[in-house]
file input_6.cif (mmCIF, C-alpha atoms)
data_work
loop_
_atom_site.label_atom_id
_atom_site.label_comp_id
_atom_site.auth_asym_id
_atom_site.auth_seq_id
_atom_site.Cartn_x
_atom_site.Cartn_y
_atom_site.Cartn_z
CA MET T 1 122.47 -9.01 16.69
CA GLN T 2 122.43 -12.16 14.60
CA LEU T 3 125.20 -14.00 16.45
CA LYS T 4 124.56 -12.91 20.04
CA ASP T 5 126.24 -15.18 22.60
CA LYS T 6 127.62 -17.51 19.90
CA THR T 7 131.22 -18.71 20.05
CA ALA T 8 133.11 -18.86 16.75
CA ILE T 9 136.50 -19.97 15.51
CA ILE T 10 137.86 -18.14 12.45
CA THR T 11 141.12 -19.19 10.84
CA GLY T 12 143.28 -16.72 8.96
CA GLY T 13 141.64 -13.98 11.00
CA ALA T 14 144.37 -11.33 11.17
CA ALA T 15 144.20 -10.10 7.57
CA GLY T 16 142.10 -10.00 4.42
CA ILE T 17 138.64 -11.55 4.47
CA GLY T 18 139.30 -13.19 7.83
CA LYS T 19 139.99 -9.85 9.51
CA GLY T 20 136.74 -8.45 8.15
CA LEU T 21 134.87 -11.52 9.41
CA VAL T 22 136.28 -11.16 12.91
CA ARG T 23 135.15 -7.53 13.05
CA LYS T 24 131.69 -8.34 11.67
CA PHE T 25 131.14 -11.35 13.94
CA VAL T 26 132.02 -9.31 17.03
CA LYS T 27 129.68 -6.53 15.88
CA GLU T 28 126.92 -9.14 15.55
CA GLY T 29 127.41 -10.29 19.15
CA ALA T 30 129.72 -13.30 18.78
CA ASN T 31 132.75 -14.23 20.83
CA VAL T 32 135.56 -15.03 18.39
CA LEU T 33 138.73 -17.06 18.74
CA PHE T 34 140.71 -16.09 15.65
CA VAL T 35 143.83 -17.86 14.45
CA ASP T 36 146.75 -16.61 12.40
CA VAL T 37 150.54 -16.79 12.18
CA ASN T 38 150.90 -12.99 12.05
CA GLU T 39 151.28 -12.15 15.72
CA ASP T 40 151.59 -8.37 15.39
CA ALA T 41 148.45 -8.04 13.26
CA GLY T 42 146.56 -10.49 15.46
CA LEU T 43 147.35 -8.73 18.71
CA GLU T 44 146.51 -5.35 17.17
CA LEU T 45 143.06 -6.61 16.11
CA GLU T 46 142.50 -8.22 19.50
CA LYS T 47 143.27 -4.90 21.18
CA GLU T 48 140.91 -3.08 18.81
CA LEU T 49 137.94 -5.38 19.45
CA GLY T 50 138.28 -6.05 23.18
CA ALA T 51 137.15 -9.02 25.23
CA ALA T 52 134.91 -10.54 22.54
CA ALA T 53 137.92 -11.32 20.31
CA LYS T 54 140.81 -13.53 21.36
CA PHE T 55 143.85 -14.01 19.14
CA LEU T 56 145.75 -17.29 18.99
CA LYS T 57 149.04 -17.49 17.12
CA THR T 58 149.00 -20.93 15.50
CA ASP T 59 150.28 -22.51 12.32
CA ILE T 60 147.32 -24.51 11.00
CA THR T 61 149.69 -27.03 9.42
CA ALA T 62 151.26 -27.88 12.79
CA GLU T 63 150.78 -31.21 14.51
CA ARG T 64 147.76 -31.22 16.89
CA MET T 65 146.90 -27.62 15.95
CA GLU T 66 143.18 -28.52 16.04
CA GLU T 67 143.36 -29.57 19.68
CA HIS T 68 145.18 -26.36 20.58
CA ILE T 69 142.61 -24.20 18.78
CA LEU T 70 139.57 -25.98 20.21
CA THR T 71 140.96 -25.82 23.75
CA ALA T 72 141.62 -22.09 23.46
CA ALA T 73 138.12 -21.35 22.16
CA LEU T 74 136.36 -23.44 24.80
CA GLU T 75 138.46 -22.14 27.69
CA ASN T 76 138.08 -18.49 26.71
CA PHE T 77 134.38 -18.46 25.91
CA GLY T 78 132.38 -20.68 28.22
CA GLY T 79 132.94 -24.21 26.98
CA GLU T 80 130.67 -24.25 23.91
CA LEU T 81 131.33 -23.90 20.19
CA HIS T 82 128.68 -22.80 17.70
CA ILE T 83 130.52 -21.73 14.53
CA LEU T 84 133.65 -22.84 12.68
CA VAL T 85 134.90 -20.72 9.78
CA ASN T 86 137.73 -22.29 7.75
CA ASN T 87 139.04 -19.23 5.95
CA ALA T 88 142.85 -19.57 6.08
CA GLN T 89 144.66 -20.46 2.87
CA ALA T 90 148.13 -20.11 1.37
CA SER T 91 149.03 -20.80 -2.25
CA LYS T 92 151.38 -19.82 -5.06
CA PRO T 93 150.06 -18.99 -8.56
CA LYS T 94 151.68 -21.25 -11.16
CA LEU T 95 150.83 -22.89 -14.44
CA LEU T 96 150.06 -26.60 -14.10
CA LEU T 97 153.26 -27.70 -15.82
CA ASP T 98 155.26 -25.64 -13.33
CA VAL T 99 153.49 -26.94 -10.20
CA GLU T 100 155.76 -28.94 -7.90
CA GLN T 101 154.89 -31.15 -4.96
CA SER T 102 155.82 -28.35 -2.57
CA ASP T 103 153.18 -26.13 -4.20
CA LEU T 104 150.53 -28.82 -3.75
CA ASP T 105 151.61 -29.36 -0.15
CA LEU T 106 151.32 -25.63 0.60
CA SER T 107 147.80 -25.38 -0.82
CA PHE T 108 146.43 -28.63 0.57
CA ASN T 109 148.06 -28.43 4.01
CA THR T 110 146.74 -24.91 4.68
CA GLY T 111 143.44 -25.56 2.91
CA LEU T 112 141.85 -29.01 2.64
CA TRP T 113 143.76 -30.80 5.37
CA ALA T 114 143.48 -27.96 7.89
CA THR T 115 139.77 -27.64 7.10
CA TRP T 116 139.23 -31.39 7.53
CA ARG T 117 141.20 -31.59 10.77
CA LEU T 118 139.29 -28.72 12.36
CA MET T 119 135.93 -30.04 11.15
CA ARG T 120 136.58 -33.47 12.62
CA ALA T 121 137.89 -32.08 15.92
CA SER T 122 134.85 -29.78 16.21
CA TYR T 123 132.22 -32.41 15.44
CA THR T 124 131.25 -33.35 19.00
CA HIS T 125 131.09 -29.74 20.15
CA LEU T 126 129.03 -28.59 17.17
CA ALA T 127 126.66 -31.53 17.54
CA LYS T 128 125.90 -30.37 21.08
CA THR T 129 125.00 -26.86 19.95
CA LYS T 130 123.52 -27.74 16.53
CA GLY T 131 126.24 -25.57 15.13
CA THR T 132 127.46 -24.63 11.69
CA ILE T 133 130.60 -24.74 9.57
CA ILE T 134 131.46 -22.32 6.78
CA ASN T 135 134.23 -23.40 4.43
CA PHE T 136 135.89 -21.30 1.74
CA ALA T 137 136.26 -22.29 -1.89
CA SER T 138 136.78 -20.17 -5.01
CA GLY T 139 135.64 -19.38 -8.49
CA ALA T 140 139.20 -20.25 -9.49
CA GLY T 141 138.32 -23.87 -8.87
CA LEU T 142 134.89 -23.73 -10.47
CA GLU T 143 136.26 -22.18 -13.66
CA GLY T 144 139.72 -23.72 -13.71
CA LEU T 145 141.45 -20.35 -13.67
CA PRO T 146 144.89 -20.46 -15.35
CA ASN T 147 147.91 -20.06 -13.05
CA HIS T 148 145.89 -21.46 -10.13
CA GLY T 149 146.39 -25.21 -10.54
CA ALA T 150 147.25 -26.22 -6.97
CA TYR T 151 144.81 -23.68 -5.51
CA ALA T 152 141.94 -24.76 -7.76
CA MET T 153 142.45 -28.46 -7.02
CA ASN T 154 142.48 -27.77 -3.31
CA LYS T 155 139.39 -25.56 -3.34
CA GLU T 156 137.33 -28.08 -5.31
CA ALA T 157 138.39 -30.77 -2.84
CA ILE T 158 137.04 -28.59 -0.04
CA ARG T 159 133.69 -28.40 -1.85
CA GLY T 160 133.60 -32.18 -2.11
CA LEU T 161 134.42 -32.54 1.59
CA THR T 162 131.68 -30.05 2.44
CA ARG T 163 128.98 -31.91 0.52
CA THR T 164 129.92 -35.26 2.03
CA ALA T 165 130.00 -33.86 5.56
CA ALA T 166 126.64 -32.16 5.02
CA ASN T 167 125.12 -35.54 4.14
CA GLU T 168 126.83 -37.46 6.93
CA TRP T 169 126.50 -34.90 9.73
CA GLY T 170 123.04 -33.50 9.03
CA HIS T 171 121.49 -36.05 11.42
CA ALA T 172 123.52 -34.43 14.21
CA GLY T 173 122.10 -31.00 13.40
CA ILE T 174 125.37 -29.68 12.00
CA ARG T 175 125.12 -27.53 8.87
CA ILE T 176 128.10 -27.11 6.52
CA ASN T 177 128.16 -24.68 3.59
CA VAL T 178 130.74 -23.20 1.24
CA ILE T 179 131.21 -19.59 0.22
CA CYS T 180 133.14 -18.53 -2.89
CA PRO T 181 133.94 -14.83 -2.41
CA GLY T 182 135.06 -12.20 -4.86
CA ALA T 183 136.69 -9.57 -2.66
CA ALA T 184 139.24 -6.79 -3.02
CA THR T 185 141.71 -8.13 -0.46
CA GLU T 186 145.43 -7.40 -0.37
CA GLY T 187 146.01 -10.77 -2.03
CA TYR T 188 143.59 -9.90 -4.81
CA LYS T 189 145.27 -6.53 -5.34
CA TRP T 190 148.65 -8.24 -5.64
CA TRP T 191 147.22 -10.70 -8.17
CA ARG T 192 145.65 -7.84 -10.15
CA GLU T 193 148.97 -6.01 -10.33
CA ASN T 194 150.89 -9.11 -11.41
CA TYR T 195 148.26 -10.62 -13.70
CA ALA T 196 146.59 -7.47 -14.96
CA ASP T 197 145.14 -8.85 -18.20
CA GLN T 198 143.64 -11.88 -16.48
CA ALA T 199 142.21 -9.71 -13.73
CA LYS T 200 140.62 -7.24 -16.14
CA GLU T 201 139.04 -10.09 -18.09
CA LEU T 202 137.65 -11.56 -14.88
CA GLU T 203 136.31 -8.21 -13.63
CA ALA T 204 134.60 -7.54 -16.95
CA LYS T 205 132.43 -10.61 -16.35
CA VAL T 206 130.96 -9.30 -13.06
CA PRO T 207 127.34 -8.25 -13.73
CA LEU T 208 127.30 -5.93 -10.72
CA GLY T 209 130.35 -4.16 -12.12
CA ARG T 210 132.73 -4.27 -9.17
CA VAL T 211 134.83 -6.49 -6.95
CA GLY T 212 133.27 -7.02 -3.54
CA ASP T 213 134.10 -5.19 -0.34
CA VAL T 214 135.00 -7.51 2.53
CA LEU T 215 132.94 -5.80 5.23
CA GLU T 216 130.00 -4.62 3.15
CA ASP T 217 129.59 -7.50 0.68
CA ILE T 218 131.23 -10.68 1.94
CA ALA T 219 131.02 -10.61 5.74
CA PRO T 220 127.19 -10.20 5.86
CA ILE T 221 126.77 -13.37 3.78
CA VAL T 222 129.07 -15.34 6.09
CA VAL T 223 127.12 -14.02 9.09
CA PHE T 224 123.91 -15.21 7.43
CA LEU T 225 125.38 -18.70 6.93
CA ALA T 226 126.53 -18.73 10.55
CA SER T 227 123.19 -17.58 11.93
CA ASP T 228 119.86 -19.28 12.57
CA ALA T 229 118.46 -17.41 9.55
CA SER T 230 120.05 -20.10 7.34
CA GLN T 231 118.90 -23.02 9.50
CA TYR T 232 117.50 -24.98 6.51
CA MET T 233 120.60 -24.69 4.33
CA THR T 234 123.42 -27.22 4.18
CA GLY T 235 125.80 -28.61 1.57
CA GLN T 236 125.45 -25.49 -0.58
CA THR T 237 128.00 -23.45 -2.51
CA ILE T 238 127.18 -19.76 -2.17
CA MET T 239 128.68 -17.45 -4.79
CA ALA T 240 129.45 -14.04 -3.29
CA ASP T 241 131.03 -12.69 -6.46
CA GLY T 242 128.69 -10.09 -7.93
CA GLY T 243 127.15 -12.66 -10.25
CA SER T 244 130.29 -13.58 -12.20
CA ILE T 245 129.54 -17.28 -11.75
CA MET T 246 125.90 -18.38 -11.69
CA LEU T 247 125.64 -21.99 -10.54
CA ARG T 248 123.03 -24.30 -12.02
#

call {"tool": "encode", "arguments": {"input": "input_6.cif", "output": "structure tokens"}}
result
Amino acid sequence: MQLKDKTAIITGGAAGIGKGLVRKFVKEGANVLFVDVNEDAGLELEKELGAAAKFLKTDITAERMEEHILTAALENFGGELHILVNNAQASKPKLLLDVEQSDLDLSFNTGLWATWRLMRASYTHLAKTKGTIINFASGAGLEGLPNHGAYAMNKEAIRGLTRTAANEWGHAGIRINVICPGAATEGYKWWRENYADQAKELEAKVPLGRVGDVLEDIAPIVVFLASDASQYMTGQTIMADGGSIMLR
């Protein structure tokens, strides 16, 4: 098991990619504190996975949420933290000229600012364990996908934060990488139904010919980034998208 006896925090862990990550991390031997606002889904997943998974209902935009999350993880799983996965994100698809301040606030408060607050709060604990952080960005930001203005701005800001932290925190033994996934989540399915032409155009560009499966395609890459197998990688953007974007 690649994550045996590691303690991880995963935000947005009750649905979509986050839910798949919680399941995969537990299977790989980790103890997981997962955070979400959906209490019913969170408690159901906690019941499914047993003692290795602990659900915490928390709004990641709330004041002092980072202290609450860190305390829960440390108290439930032995006082050490090895992995932080900033997966949670909310956003509304809109054209740039239609984006309002409330749309920017939704994207940045659940994305960049929550990611930054948890990273900063976790620094001391991760320095002790030579731990790792995995942040989530998106091809929507790399390509400037139409209808994703607020989301794209936010995700590119997360990549900038990741690179800076990798440079500044490497001396402490903390590794920070970004993954850009292409996965058939419920959110993706909704987008495909509502923006069918755009989705078909995007899917046609995938060399491997399909949208990724959360458990089979995305979760193993996140486990790799969280494990000692990637101990010489930091500050990188990893495209888990079937080859649709090939970084240079």

call {"tool": "residues_around", "arguments": {"input": "input_6.cif", "residues": "range 221-231 of chain T", "least_positions_apart": "5", "cutoff": "10 Å", "atoms": "only C-alpha atoms", "output": "count of residues only"}}
result
33

call {"tool": "atom_distance", "arguments": {"input": "input_6.cif", "atom1": "CA of Tyr188 in chain T", "atom2": "CA of Gly111 in chain T"}}
result
17.5 Å

call {"tool": "resolve_selection", "arguments": {"input": "input_6.cif", "expression": "the PyMOL selection byres ((chain T and resi 153-160) around 6)", "output": "PyMOL selection string"}}
result
chain T and resi 108+112+137+141+150-152+161-163

call {"tool": "axis_aligned_box", "arguments": {"input": "input_6.cif", "around": "range 160-170 of chain T", "padding_each_side": "8 Å", "output": "lines of an AutoDock Vina configuration file"}}
result
center_x = 128.7
center_y = -33.8
center_z = 3.8
size_x = 27.4
size_y = 23.4
size_z = 27.8

call {"tool": "closest_residue", "arguments": {"input": "input_6.cif", "among": "T:Gly242, T:Gly212, T:Gly235, T:Pro220", "to": "Val22 in chain T", "atoms": "all atoms listed in the file"}}
result
T:Pro220

call {"tool": "residues_around", "arguments": {"input": "input_6.cif", "residues": "Gly42 in chain T", "least_positions_apart": "4", "cutoff": "12 Å", "atoms": "only C-alpha atoms", "output": "PyMOL selection string"}}
result
chain T and resi 10-16+18-19+22+33-38+46-49+53-58

call {"tool": "atom_distance", "arguments": {"input": "input_6.cif", "atom1": "CA of Gly149 in chain T", "atom2": "CA of Ala90 in chain T"}}
result
13.1 Å

call {"tool": "closest_residue", "arguments": {"input": "input_6.cif", "among": "T:Pro93, T:Thr7, T:Arg23, T:Ala30", "to": "Trp190 in chain T", "atoms": "only C-alpha atoms"}}
result
T:Pro93

call {"tool": "resolve_selection", "arguments": {"input": "input_6.cif", "expression": "the PyMOL selection byres ((chain T and resi 68) around 12)", "output": "count of residues only"}}
result
25

call {"tool": "closest_residue", "arguments": {"input": "input_6.cif", "among": "T:Lys94, T:Arg192, T:His125, T:Lys27", "to": "Pro146 in chain T", "atoms": "all atoms listed in the file"}}
result
T:Lys94

call {"tool": "closest_residue", "arguments": {"input": "input_6.cif", "among": "T:Thr61, T:Asn167, T:Ser138, T:Gln198", "to": "Asn109 in chain T", "atoms": "all atoms listed in the file"}}
result
T:Thr61

call {"tool": "atom_distance", "arguments": {"input": "input_6.cif", "atom1": "CA of Tyr232 in chain T", "atom2": "CA of Gly29 in chain T"}}
result
21.8 Å

call {"tool": "closest_residue", "arguments": {"input": "input_6.cif", "among": "T:Gly20, T:Arg248, T:Lys205, T:Gln89", "to": "Gly187 in chain T", "atoms": "only C-alpha atoms"}}
result
T:Gln89

call {"tool": "build_atoms", "arguments": {"input": "input_6.cif", "residues": "range 162-177 of chain T", "atoms": "N, CA, C and O atoms", "output": "mmCIF file, in the coordinates of the input"}}
result
data_model
loop_
_atom_site.group_PDB
_atom_site.id
_atom_site.type_symbol
_atom_site.label_atom_id
_atom_site.label_comp_id
_atom_site.auth_asym_id
_atom_site.auth_seq_id
_atom_site.Cartn_x
_atom_site.Cartn_y
_atom_site.Cartn_z
ATOM 1 N N THR T 162 132.841 -30.733 1.869
ATOM 2 C CA THR T 162 131.680 -30.050 2.440
ATOM 3 C C THR T 162 130.388 -30.800 2.134
ATOM 4 O O THR T 162 129.539 -31.007 3.021
ATOM 5 N N ARG T 163 130.206 -31.205 0.902
ATOM 6 C CA ARG T 163 128.980 -31.910 0.520
ATOM 7 C C ARG T 163 128.846 -33.248 1.247
ATOM 8 O O ARG T 163 127.760 -33.617 1.712
ATOM 9 N N THR T 164 129.957 -33.967 1.348
ATOM 10 C CA THR T 164 129.920 -35.260 2.030
ATOM 11 C C THR T 164 129.605 -35.077 3.514
ATOM 12 O O THR T 164 128.768 -35.799 4.084
ATOM 13 N N ALA T 165 130.254 -34.112 4.146
ATOM 14 C CA ALA T 165 130.000 -33.860 5.560
ATOM 15 C C ALA T 165 128.562 -33.405 5.797
ATOM 16 O O ALA T 165 127.932 -33.779 6.800
ATOM 17 N N ALA T 166 128.029 -32.611 4.878
ATOM 18 C CA ALA T 166 126.640 -32.160 5.020
ATOM 19 C C ALA T 166 125.692 -33.360 5.027
ATOM 20 O O ALA T 166 124.728 -33.405 5.810
ATOM 21 N N ASN T 167 125.945 -34.338 4.179
ATOM 22 C CA ASN T 167 125.120 -35.540 4.140
ATOM 23 C C ASN T 167 125.309 -36.408 5.381
ATOM 24 O O ASN T 167 124.345 -36.930 5.941
ATOM 25 N N GLU T 168 126.550 -36.564 5.810
ATOM 26 C CA GLU T 168 126.830 -37.460 6.930
ATOM 27 C C GLU T 168 126.515 -36.853 8.288
ATOM 28 O O GLU T 168 126.174 -37.576 9.233
ATOM 29 N N TRP T 169 126.643 -35.535 8.415
ATOM 30 C CA TRP T 169 126.500 -34.900 9.730
ATOM 31 C C TRP T 169 125.171 -34.179 9.924
ATOM 32 O O TRP T 169 124.895 -33.654 11.002
ATOM 33 N N GLY T 170 124.337 -34.164 8.893
ATOM 34 C CA GLY T 170 123.040 -33.500 9.030
ATOM 35 C C GLY T 170 122.195 -34.089 10.140
ATOM 36 O O GLY T 170 121.469 -33.367 10.830
ATOM 37 N N HIS T 171 122.290 -35.405 10.367
ATOM 38 C CA HIS T 171 121.490 -36.050 11.420
ATOM 39 C C HIS T 171 121.849 -35.524 12.804
ATOM 40 O O HIS T 171 121.039 -35.592 13.732
ATOM 41 N N ALA T 172 123.070 -34.980 12.929
ATOM 42 C CA ALA T 172 123.520 -34.430 14.210
ATOM 43 C C ALA T 172 123.147 -32.958 14.357
ATOM 44 O O ALA T 172 123.458 -32.336 15.383
ATOM 45 N N GLY T 173 122.502 -32.406 13.339
ATOM 46 C CA GLY T 173 122.100 -31.000 13.400
ATOM 47 C C GLY T 173 123.173 -30.028 12.994
ATOM 48 O O GLY T 173 123.029 -28.814 13.172
ATOM 49 N N ILE T 174 124.277 -30.547 12.427
ATOM 50 C CA ILE T 174 125.370 -29.680 12.000
ATOM 51 C C ILE T 174 125.179 -29.307 10.534
ATOM 52 O O ILE T 174 124.982 -30.174 9.688
ATOM 53 N N ARG T 175 125.230 -28.018 10.244
ATOM 54 C CA ARG T 175 125.120 -27.530 8.870
ATOM 55 C C ARG T 175 126.504 -27.120 8.371
ATOM 56 O O ARG T 175 127.278 -26.539 9.118
ATOM 57 N N ILE T 176 126.802 -27.452 7.109
ATOM 58 C CA ILE T 176 128.100 -27.110 6.520
ATOM 59 C C ILE T 176 127.859 -26.542 5.123
ATOM 60 O O ILE T 176 127.274 -27.208 4.269
ATOM 61 N N ASN T 177 128.297 -25.317 4.897
ATOM 62 C CA ASN T 177 128.160 -24.680 3.590
ATOM 63 C C ASN T 177 129.488 -24.091 3.139
ATOM 64 O O ASN T 177 130.424 -23.925 3.941
#
